[in-house]
Amino acid sequence: MIMMKKIVSIQDISCFGKCSLTVALPIISAMGIETAVIPTAVLSTHTGEGFSGYTFRDLTSDIPAIADHWKKMGLSFDALYTGYLGSQEQVEIVSQLFNDFGKSGTFIIVDPVLGDAGKLYKGFTNDFVVKMKKLCSRSDFMLPNMTEASFLLDIPYTESYDEAYIRDILMRLADLGCKVPVITGVHYDDKLQGAAAYDSEKDRFYFSFDKNVNQRFHGTGDIFSSVFSGACTLGMNIQKALDISVRFTLDCIEATIPNIKETWYGSCFELCLGKLIGYVNKNSSCI
């Protein structure tokens, strides 16, 4: 009998808009992993460009009760994966969840959602960055983009860099306490884009690049993080986890381009889930 892996994803859910849990749940489930969720908030739509007047329900006070129920049931997970957290209080609660469910052998994966294009998202402050930095210090894998890496390290944001710079940033992120930092959205030119990782225990770097599409698509960071989290939970090695995540993210972008007028609010990942299942089946022994 095959024992399914189990992961819990802790982030908000936008009822419409293809991000956070509405991306993580179907993608990780398609990878053959039982996916539990702890929603941190419920929104009618995501808060990105094009939406206004959205509803918002903060679920911070519900999270401890969910955790207490799960503890009474004796639940355990192979991985804990956090995405967007909306307040310092939520970061503190999630840190406690790591204590409650982060047993030996359980991966802790933190996507430190802070900002993009050199700026913090609306509502975030430097105090929030400090809290997120502490959460990242407890992770096995952290998945910042270049903006988030710059805030976590308190260095100027730049869009002009080379491989040596990325290697230095990865090592500095590891110094925060994370075992394997991963930087997403890495590109040295307009031709290629991908991700880079550093295994601090083995002192080894990993890189994966594919075709760069010089256009922004909402939710691609969530797509990458979800696939990477699933791949690690399945036991794939870092290189294969990077390769699958980068490739599938590009698949989703390419599927979105012909439908961009109808799906300007998110990426058409649903059209590509069959490919993802194929990648997983092909690489399931890459541990």
# chains A, B, ... in the order shown; residues from 1 in each chain; ligands from 1
$ select_by_dssp --residues "range 3-119 of chain A" --states "strand (DSSP E)" --output "number ranges by chain"
A: 6-14, 34-43, 56-58, 79-82, 107-110, 115-116, 119
$ write_last_selection --atoms "C-alpha atoms" --output "PDB file, in the first residue's frame"
ATOM      1  CA  LYS A   6       0.658  15.029   3.684  1.00  0.00           C
ATOM      2  CA  ILE A   7       1.263  18.771   3.599  1.00  0.00           C
ATOM      3  CA  VAL A   8      -0.549  21.682   5.205  1.00  0.00           C
ATOM      4  CA  SER A   9      -0.588  25.054   3.457  1.00  0.00           C
ATOM      5  CA  ILE A  10      -1.116  28.135   5.601  1.00  0.00           C
ATOM      6  CA  GLN A  11      -2.164  31.249   3.674  1.00  0.00           C
ATOM      7  CA  ASP A  12      -5.168  33.289   2.592  1.00  0.00           C
ATOM      8  CA  ILE A  13      -7.843  32.231   0.128  1.00  0.00           C
ATOM      9  CA  SER A  14      -9.151  34.559  -2.560  1.00  0.00           C
ATOM     10  CA  GLU A  34      -2.846  15.034   0.534  1.00  0.00           C
ATOM     11  CA  THR A  35      -3.206  18.774   1.057  1.00  0.00           C
ATOM     12  CA  ALA A  36      -4.691  20.227   4.216  1.00  0.00           C
ATOM     13  CA  VAL A  37      -5.221  23.966   4.558  1.00  0.00           C
ATOM     14  CA  ILE A  38      -5.322  26.629   7.235  1.00  0.00           C
ATOM     15  CA  PRO A  39      -6.851  29.756   5.659  1.00  0.00           C
ATOM     16  CA  THR A  40      -5.570  32.942   7.278  1.00  0.00           C
ATOM     17  CA  ALA A  41      -8.192  35.161   5.615  1.00  0.00           C
ATOM     18  CA  VAL A  42     -10.977  34.959   3.054  1.00  0.00           C
ATOM     19  CA  LEU A  43     -11.232  37.586   0.314  1.00  0.00           C
ATOM     20  CA  PHE A  56     -11.956  40.707   3.530  1.00  0.00           C
ATOM     21  CA  ARG A  57     -12.507  38.414   6.497  1.00  0.00           C
ATOM     22  CA  ASP A  58      -9.592  38.046   8.919  1.00  0.00           C
ATOM     23  CA  ALA A  79       5.623  19.400   5.311  1.00  0.00           C
ATOM     24  CA  LEU A  80       4.333  22.768   6.510  1.00  0.00           C
ATOM     25  CA  TYR A  81       4.125  25.401   3.769  1.00  0.00           C
ATOM     26  CA  THR A  82       3.342  29.046   4.500  1.00  0.00           C
ATOM     27  CA  PHE A 107       9.892  20.024   6.132  1.00  0.00           C
ATOM     28  CA  ILE A 108       9.188  23.663   6.980  1.00  0.00           C
ATOM     29  CA  ILE A 109       8.795  25.731   3.818  1.00  0.00           C
ATOM     30  CA  VAL A 110       8.339  29.509   4.056  1.00  0.00           C
ATOM     31  CA  GLY A 115       6.567  42.572  -1.915  1.00  0.00           C
ATOM     32  CA  ASP A 116       7.662  42.794  -5.530  1.00  0.00           C
ATOM     33  CA  LYS A 119       8.492  47.632  -2.903  1.00  0.00           C
TER      34      LYS A 119
END
$ closest_atom_pairs --of "range 154-220 of chain A" --to "range 263-278 of chain A" --cutoff "9 Å" --atoms "only C-alpha atoms" --output "tab-separated table"
residue	atom	partner	partner_atom	distance
A:Phe217	CA	A:Ser267	CA	6.3
A:His218	CA	A:Gly266	CA	4.8
A:Gly219	CA	A:Gly266	CA	5.8
A:Thr220	CA	A:Ser267	CA	6.9
$ write_last_selection --atoms "N, CA and C atoms" --output "PDB file, in the first residue's frame"
ATOM      1  N   PHE A 217       2.720  38.182 -14.762  1.00  0.00           N
ATOM      2  CA  PHE A 217       1.494  37.404 -14.652  1.00  0.00           C
ATOM      3  C   PHE A 217       1.219  37.164 -13.175  1.00  0.00           C
ATOM      4  N   HIS A 218       0.015  37.505 -12.752  1.00  0.00           N
ATOM      5  CA  HIS A 218      -0.320  37.370 -11.340  1.00  0.00           C
ATOM      6  C   HIS A 218      -0.357  35.899 -10.931  1.00  0.00           C
ATOM      7  N   GLY A 219       0.205  35.608  -9.756  1.00  0.00           N
ATOM      8  CA  GLY A 219       0.118  34.274  -9.184  1.00  0.00           C
ATOM      9  C   GLY A 219       1.231  33.321  -9.553  1.00  0.00           C
ATOM     10  N   THR A 220       2.181  33.747 -10.389  1.00  0.00           N
ATOM     11  CA  THR A 220       3.243  32.824 -10.790  1.00  0.00           C
ATOM     12  C   THR A 220       4.156  32.471  -9.621  1.00  0.00           C
TER      13      THR A 220
END
$ residues_around --residues "range 154-157 of chain A" --least-positions-apart "2" --cutoff "10 Å" --atoms "only C-alpha atoms" --output "ChimeraX atom specification"
/A:117-119,126,129-130,146-152,159-160,169
$ closest_residue --among "A:Thr233, A:Ser200, A:Glu89, A:Lys282" --to "Asp175 in chain A" --atoms "only C-alpha atoms"
A:Ser200
$ atom_distance --atom1 "CA of Asp78 in chain A" --atom2 "CA of Lys5 in chain A"
6.2 Å
$ select_by_dssp --residues "range 47-204 of chain A" --states "alpha helix (DSSP H)" --output "MDAnalysis selection string"
chainID A and resid 63:73 88:101 126:136 146:153 163:174
$ write_last_selection --atoms "C-alpha atoms" --output "short mmCIF file (atom, residue, chain, number, x, y, z; two decimals), in the first residue's frame"
data_model
loop_
_atom_site.label_atom_id
_atom_site.label_comp_id
_atom_site.auth_asym_id
_atom_site.auth_seq_id
_atom_site.Cartn_x
_atom_site.Cartn_y
_atom_site.Cartn_z
CA ILE A 63 -6.17 29.45 13.59
CA PRO A 64 -5.30 28.42 17.19
CA ALA A 65 -8.60 26.53 17.49
CA ILE A 66 -7.90 24.65 14.27
CA ALA A 67 -4.43 23.76 15.53
CA ASP A 68 -5.79 22.61 18.91
CA HIS A 69 -8.33 20.34 17.21
CA TRP A 70 -5.65 18.86 14.99
CA LYS A 71 -3.38 18.23 18.00
CA LYS A 72 -6.20 16.39 19.78
CA MET A 73 -6.63 14.25 16.68
CA GLN A 88 2.64 40.16 12.80
CA GLU A 89 0.18 38.25 14.96
CA GLN A 90 -0.30 35.67 12.23
CA VAL A 91 3.46 35.23 11.92
CA GLU A 92 3.65 34.55 15.67
CA ILE A 93 0.81 32.03 15.47
CA VAL A 94 2.44 30.26 12.54
CA SER A 95 5.69 30.08 14.49
CA GLN A 96 3.76 28.22 17.19
CA LEU A 97 2.34 25.89 14.54
CA PHE A 98 5.92 25.03 13.64
CA ASN A 99 6.42 24.03 17.29
CA ASP A 100 3.23 21.97 17.33
CA PHE A 101 3.58 20.13 14.02
CA ASN A 126 9.77 47.10 8.49
CA ASP A 127 8.56 45.60 11.78
CA PHE A 128 6.67 42.97 9.78
CA VAL A 129 9.86 42.22 7.81
CA VAL A 130 11.70 41.59 11.08
CA LYS A 131 9.01 39.11 12.16
CA MET A 132 9.14 37.35 8.79
CA LYS A 133 12.93 37.14 9.01
CA LYS A 134 12.59 35.25 12.30
CA LEU A 135 10.09 32.87 10.73
CA CYS A 136 12.45 32.23 7.82
CA MET A 146 14.63 39.39 -5.33
CA THR A 147 12.57 42.12 -3.67
CA GLU A 148 11.88 40.00 -0.61
CA ALA A 149 15.52 38.92 -0.37
CA SER A 150 16.62 42.55 -0.34
CA PHE A 151 14.22 43.42 2.48
CA LEU A 152 15.13 40.35 4.52
CA LEU A 153 18.82 41.23 4.23
CA GLU A 163 25.72 34.95 -10.80
CA ALA A 164 28.32 35.94 -8.21
CA TYR A 165 25.82 38.36 -6.68
CA ILE A 166 23.12 35.68 -6.49
CA ARG A 167 25.53 33.26 -4.83
CA ASP A 168 26.40 35.89 -2.23
CA ILE A 169 22.73 36.67 -1.54
CA LEU A 170 21.93 32.97 -1.13
CA MET A 171 24.73 32.50 1.40
CA ARG A 172 23.59 35.56 3.33
CA LEU A 173 20.03 34.22 3.40
CA ALA A 174 21.37 30.93 4.74
#
$ closest_residue --among "A:Ile27, A:Lys261, A:Gly53, A:Arg204" --to "Phe248 in chain A" --atoms "only C-alpha atoms"
A:Ile27
$ residues_around --residues "Asn214 in chain A" --least-positions-apart "6" --cutoff "10 Å" --atoms "only C-alpha atoms" --output "list in words"
Asp190, Lys191, Leu192 and Gln193 of chain A
$ closest_residue --among "A:Cys232, A:Ala24, A:Leu59, A:Val213" --to "Gly105 in chain A" --atoms "only C-alpha atoms"
A:Cys232
$ closest_residue --among "A:Ser226, A:Thr47, A:Thr60, A:Gln215" --to "Thr22 in chain A" --atoms "only C-alpha atoms"
A:Ser226
$ residues_around --residues "Gly235 in chain A" --least-positions-apart "3" --cutoff "12 Å" --atoms "only C-alpha atoms" --output "list in words"
Lys5, Ile33, Asp78, Ala79, Gly105, Thr106, Phe107, Phe228, Ser229, Gly230, Ala231, Cys232, Ile238, Gln239, Lys240, Ala241, Val280, Asn283, Ser284, Ser285, Cys286 and Ile287 of chain A
$ write_last_selection --atoms "N, CA and C atoms" --output "CSV table (one decimal), in the first residue's frame"
chain,number,residue,atom,x,y,z
A,5,LYS,N,1.9,11.2,1.0
A,5,LYS,CA,2.5,12.3,1.8
A,5,LYS,C,1.4,13.3,2.1
A,33,ILE,N,-0.3,14.5,-3.4
A,33,ILE,CA,-0.1,14.8,-2.0
A,33,ILE,C,-1.4,15.2,-1.3
A,78,ASP,N,4.0,15.8,6.6
A,78,ASP,CA,5.4,15.7,6.1
A,78,ASP,C,6.0,17.0,5.7
A,79,ALA,N,5.1,18.1,5.6
A,79,ALA,CA,5.6,19.4,5.3
A,79,ALA,C,4.6,20.5,5.8
A,105,GLY,N,11.8,15.3,10.7
A,105,GLY,CA,11.4,14.8,9.4
A,105,GLY,C,10.4,15.6,8.6
A,106,THR,N,9.8,16.6,9.3
A,106,THR,CA,8.8,17.4,8.7
A,106,THR,C,9.5,18.7,8.1
A,107,PHE,N,9.3,18.8,6.8
A,107,PHE,CA,9.9,20.0,6.1
A,107,PHE,C,9.1,21.3,6.5
A,228,PHE,N,7.3,23.6,-6.0
A,228,PHE,CA,8.6,23.4,-5.2
A,228,PHE,C,8.3,22.7,-3.9
A,229,SER,N,7.3,23.2,-3.2
A,229,SER,CA,6.9,22.6,-1.9
A,229,SER,C,6.5,21.1,-2.1
A,230,GLY,N,5.7,20.9,-3.1
A,230,GLY,CA,5.2,19.5,-3.4
A,230,GLY,C,6.4,18.6,-3.8
A,231,ALA,N,7.3,19.1,-4.6
A,231,ALA,CA,8.4,18.3,-5.0
A,231,ALA,C,9.3,17.9,-3.9
A,232,CYS,N,9.6,18.9,-3.0
A,232,CYS,CA,10.4,18.6,-1.8
A,232,CYS,C,9.7,17.6,-0.9
A,238,ILE,N,17.0,18.8,-4.8
A,238,ILE,CA,16.8,20.2,-5.0
A,238,ILE,C,16.9,20.6,-6.5
A,239,GLN,N,17.8,20.0,-7.3
A,239,GLN,CA,17.8,20.3,-8.7
A,239,GLN,C,16.6,20.0,-9.4
A,240,LYS,N,16.0,18.8,-9.2
A,240,LYS,CA,14.8,18.4,-9.9
A,240,LYS,C,13.6,19.2,-9.4
A,241,ALA,N,13.6,19.6,-8.1
A,241,ALA,CA,12.5,20.4,-7.6
A,241,ALA,C,12.6,21.8,-8.3
A,280,VAL,N,5.9,14.9,-12.4
A,280,VAL,CA,6.1,14.2,-11.2
A,280,VAL,C,6.3,12.7,-11.4
A,283,ASN,N,9.9,12.0,-12.6
A,283,ASN,CA,11.0,12.3,-11.7
A,283,ASN,C,10.7,11.9,-10.2
A,284,SER,N,9.7,11.0,-10.0
A,284,SER,CA,9.4,10.6,-8.7
A,284,SER,C,10.5,9.9,-8.0
A,285,SER,N,11.5,9.3,-8.7
A,285,SER,CA,12.6,8.6,-8.1
A,285,SER,C,13.8,9.5,-7.9
A,286,CYS,N,13.7,10.8,-8.2
A,286,CYS,CA,14.9,11.7,-8.1
A,286,CYS,C,15.0,12.2,-6.6
A,287,ILE,N,15.5,11.3,-5.7
A,287,ILE,CA,15.7,11.7,-4.3
A,287,ILE,C,17.1,11.8,-4.0
$ closest_residue --among "A:Ile183, A:Ala197, A:Val227, A:Leu85" --to "Thr249 in chain A" --atoms "only C-alpha atoms"
A:Val227
$ closest_residue --among "A:Gly194, A:Pro258, A:Gly74, A:Gly32" --to "Asp243 in chain A" --atoms "only C-alpha atoms"
A:Gly194
$ closest_atom_pairs --of "range 111-144 of chain A" --to "range 221-224 of chain A" --cutoff "12 Å" --atoms "only C-alpha atoms" --output "JSON lines"
{"residue": "A:Asp111", "atom": "CA", "partner": "A:Asp222", "partner_atom": "CA", "distance": 8.6}
{"residue": "A:Pro112", "atom": "CA", "partner": "A:Gly221", "partner_atom": "CA", "distance": 10.9}
{"residue": "A:Val113", "atom": "CA", "partner": "A:Gly221", "partner_atom": "CA", "distance": 9.3}
{"residue": "A:Leu114", "atom": "CA", "partner": "A:Gly221", "partner_atom": "CA", "distance": 11.8}
{"residue": "A:Gly115", "atom": "CA", "partner": "A:Gly221", "partner_atom": "CA", "distance": 11.1}
{"residue": "A:Asp116", "atom": "CA", "partner": "A:Gly221", "partner_atom": "CA", "distance": 10.2}
{"residue": "A:Leu143", "atom": "CA", "partner": "A:Gly221", "partner_atom": "CA", "distance": 9.1}
{"residue": "A:Pro144", "atom": "CA", "partner": "A:Gly221", "partner_atom": "CA", "distance": 9.1}
$ write_last_selection --atoms "N, CA and C atoms" --output "mmCIF file, in the first residue's frame"
data_model
loop_
_atom_site.group_PDB
_atom_site.id
_atom_site.type_symbol
_atom_site.label_atom_id
_atom_site.label_comp_id
_atom_site.auth_asym_id
_atom_site.auth_seq_id
_atom_site.Cartn_x
_atom_site.Cartn_y
_atom_site.Cartn_z
ATOM 1 N N ASP A 111 7.392 30.723 2.208
ATOM 2 C CA ASP A 111 7.401 31.704 1.126
ATOM 3 C C ASP A 111 7.162 33.059 1.795
ATOM 4 N N PRO A 112 8.222 33.852 1.994
ATOM 5 C CA PRO A 112 8.095 35.095 2.764
ATOM 6 C C PRO A 112 7.481 36.218 1.924
ATOM 7 N N VAL A 113 6.183 36.156 1.733
ATOM 8 C CA VAL A 113 5.498 37.110 0.861
ATOM 9 C C VAL A 113 5.565 38.505 1.493
ATOM 10 N N LEU A 114 6.337 39.377 0.864
ATOM 11 C CA LEU A 114 6.546 40.726 1.381
ATOM 12 C C LEU A 114 6.309 41.802 0.339
ATOM 13 N N GLY A 115 6.701 41.537 -0.906
ATOM 14 C CA GLY A 115 6.567 42.572 -1.915
ATOM 15 C C GLY A 115 7.100 42.127 -3.255
ATOM 16 N N ASP A 116 7.182 43.068 -4.177
ATOM 17 C CA ASP A 116 7.662 42.794 -5.530
ATOM 18 C C ASP A 116 8.111 44.107 -6.157
ATOM 19 N N LEU A 143 11.627 30.829 0.176
ATOM 20 C CA LEU A 143 11.459 31.063 -1.260
ATOM 21 C C LEU A 143 11.195 32.533 -1.583
ATOM 22 N N PRO A 144 12.100 33.436 -1.271
ATOM 23 C CA PRO A 144 11.864 34.850 -1.589
ATOM 24 C C PRO A 144 12.151 35.173 -3.051
#
$ atom_distance --atom1 "CA of Asp162 in chain A" --atom2 "CA of His187 in chain A"
8.4 Å
$ residues_around --residues "Lys179 in chain A" --least-positions-apart "5" --cutoff "7 Å" --atoms "only C-alpha atoms" --output "list in words"
Ser139, Asp140, Phe141, Ala174, Asp199, Ser200 and Glu201 of chain A
$ decode --residues "range 200-262 of chain A" --atoms "C-alpha atoms" --output "compact mmCIF listing (two decimals), in the first residue's frame"
# COMPACT_ATOMS: atom_id res chain seq x y z
CA SER A 200 24.08 25.32 3.23
CA GLU A 201 24.75 21.87 4.72
CA LYS A 202 26.43 20.61 1.53
CA ASP A 203 27.78 24.05 0.50
CA ARG A 204 26.36 23.51 -2.98
CA PHE A 205 24.55 25.85 -5.37
CA TYR A 206 21.77 24.93 -7.82
CA PHE A 207 20.44 26.88 -10.80
CA SER A 208 17.55 26.34 -13.20
CA PHE A 209 16.59 28.61 -16.10
CA ASP A 210 14.10 28.56 -18.94
CA LYS A 211 12.76 31.02 -21.49
CA ASN A 212 12.02 34.47 -20.11
CA VAL A 213 8.66 36.03 -20.95
CA ASN A 214 9.08 39.76 -20.39
CA GLN A 215 5.62 40.26 -18.94
CA ARG A 216 4.12 40.03 -15.45
CA PHE A 217 1.49 37.40 -14.65
CA HIS A 218 -0.32 37.37 -11.34
CA GLY A 219 0.12 34.27 -9.18
CA THR A 220 3.24 32.82 -10.79
CA GLY A 221 5.12 33.09 -7.50
CA ASP A 222 2.43 30.99 -5.83
CA ILE A 223 2.63 28.47 -8.66
CA PHE A 224 6.40 28.11 -8.30
CA SER A 225 6.27 27.86 -4.51
CA SER A 226 3.48 25.28 -4.58
CA VAL A 227 5.26 23.03 -7.07
CA PHE A 228 8.56 23.36 -5.24
CA SER A 229 6.91 22.57 -1.92
CA GLY A 230 5.23 19.51 -3.42
CA ALA A 231 8.43 18.30 -5.05
CA CYS A 232 10.37 18.57 -1.79
CA THR A 233 7.60 16.79 0.09
CA LEU A 234 7.79 13.93 -2.41
CA GLY A 235 11.51 13.66 -1.72
CA MET A 236 12.88 14.99 -4.99
CA ASN A 237 16.37 16.44 -4.90
CA ILE A 238 16.85 20.20 -5.02
CA GLN A 239 17.85 20.32 -8.69
CA LYS A 240 14.79 18.39 -9.85
CA ALA A 241 12.52 20.45 -7.59
CA LEU A 242 13.90 23.62 -9.17
CA ASP A 243 13.67 22.28 -12.72
CA ILE A 244 10.05 21.14 -12.39
CA SER A 245 9.00 24.37 -10.67
CA VAL A 246 10.61 26.61 -13.27
CA ARG A 247 9.33 24.54 -16.19
CA PHE A 248 5.75 24.33 -14.94
CA THR A 249 5.63 28.04 -14.15
CA LEU A 250 6.64 28.76 -17.74
CA ASP A 251 4.04 26.27 -18.99
CA CYS A 252 1.38 28.24 -17.09
CA ILE A 253 2.58 31.55 -18.49
CA GLU A 254 2.57 30.23 -22.05
CA ALA A 255 -0.95 28.84 -21.56
CA THR A 256 -2.11 32.22 -20.27
CA ILE A 257 -0.82 34.39 -23.09
CA PRO A 258 -3.54 33.35 -25.62
CA ASN A 259 -6.19 33.85 -22.91
CA ILE A 260 -4.82 37.02 -21.33
CA LYS A 261 -7.91 39.13 -22.11
CA GLU A 262 -10.13 36.75 -20.18
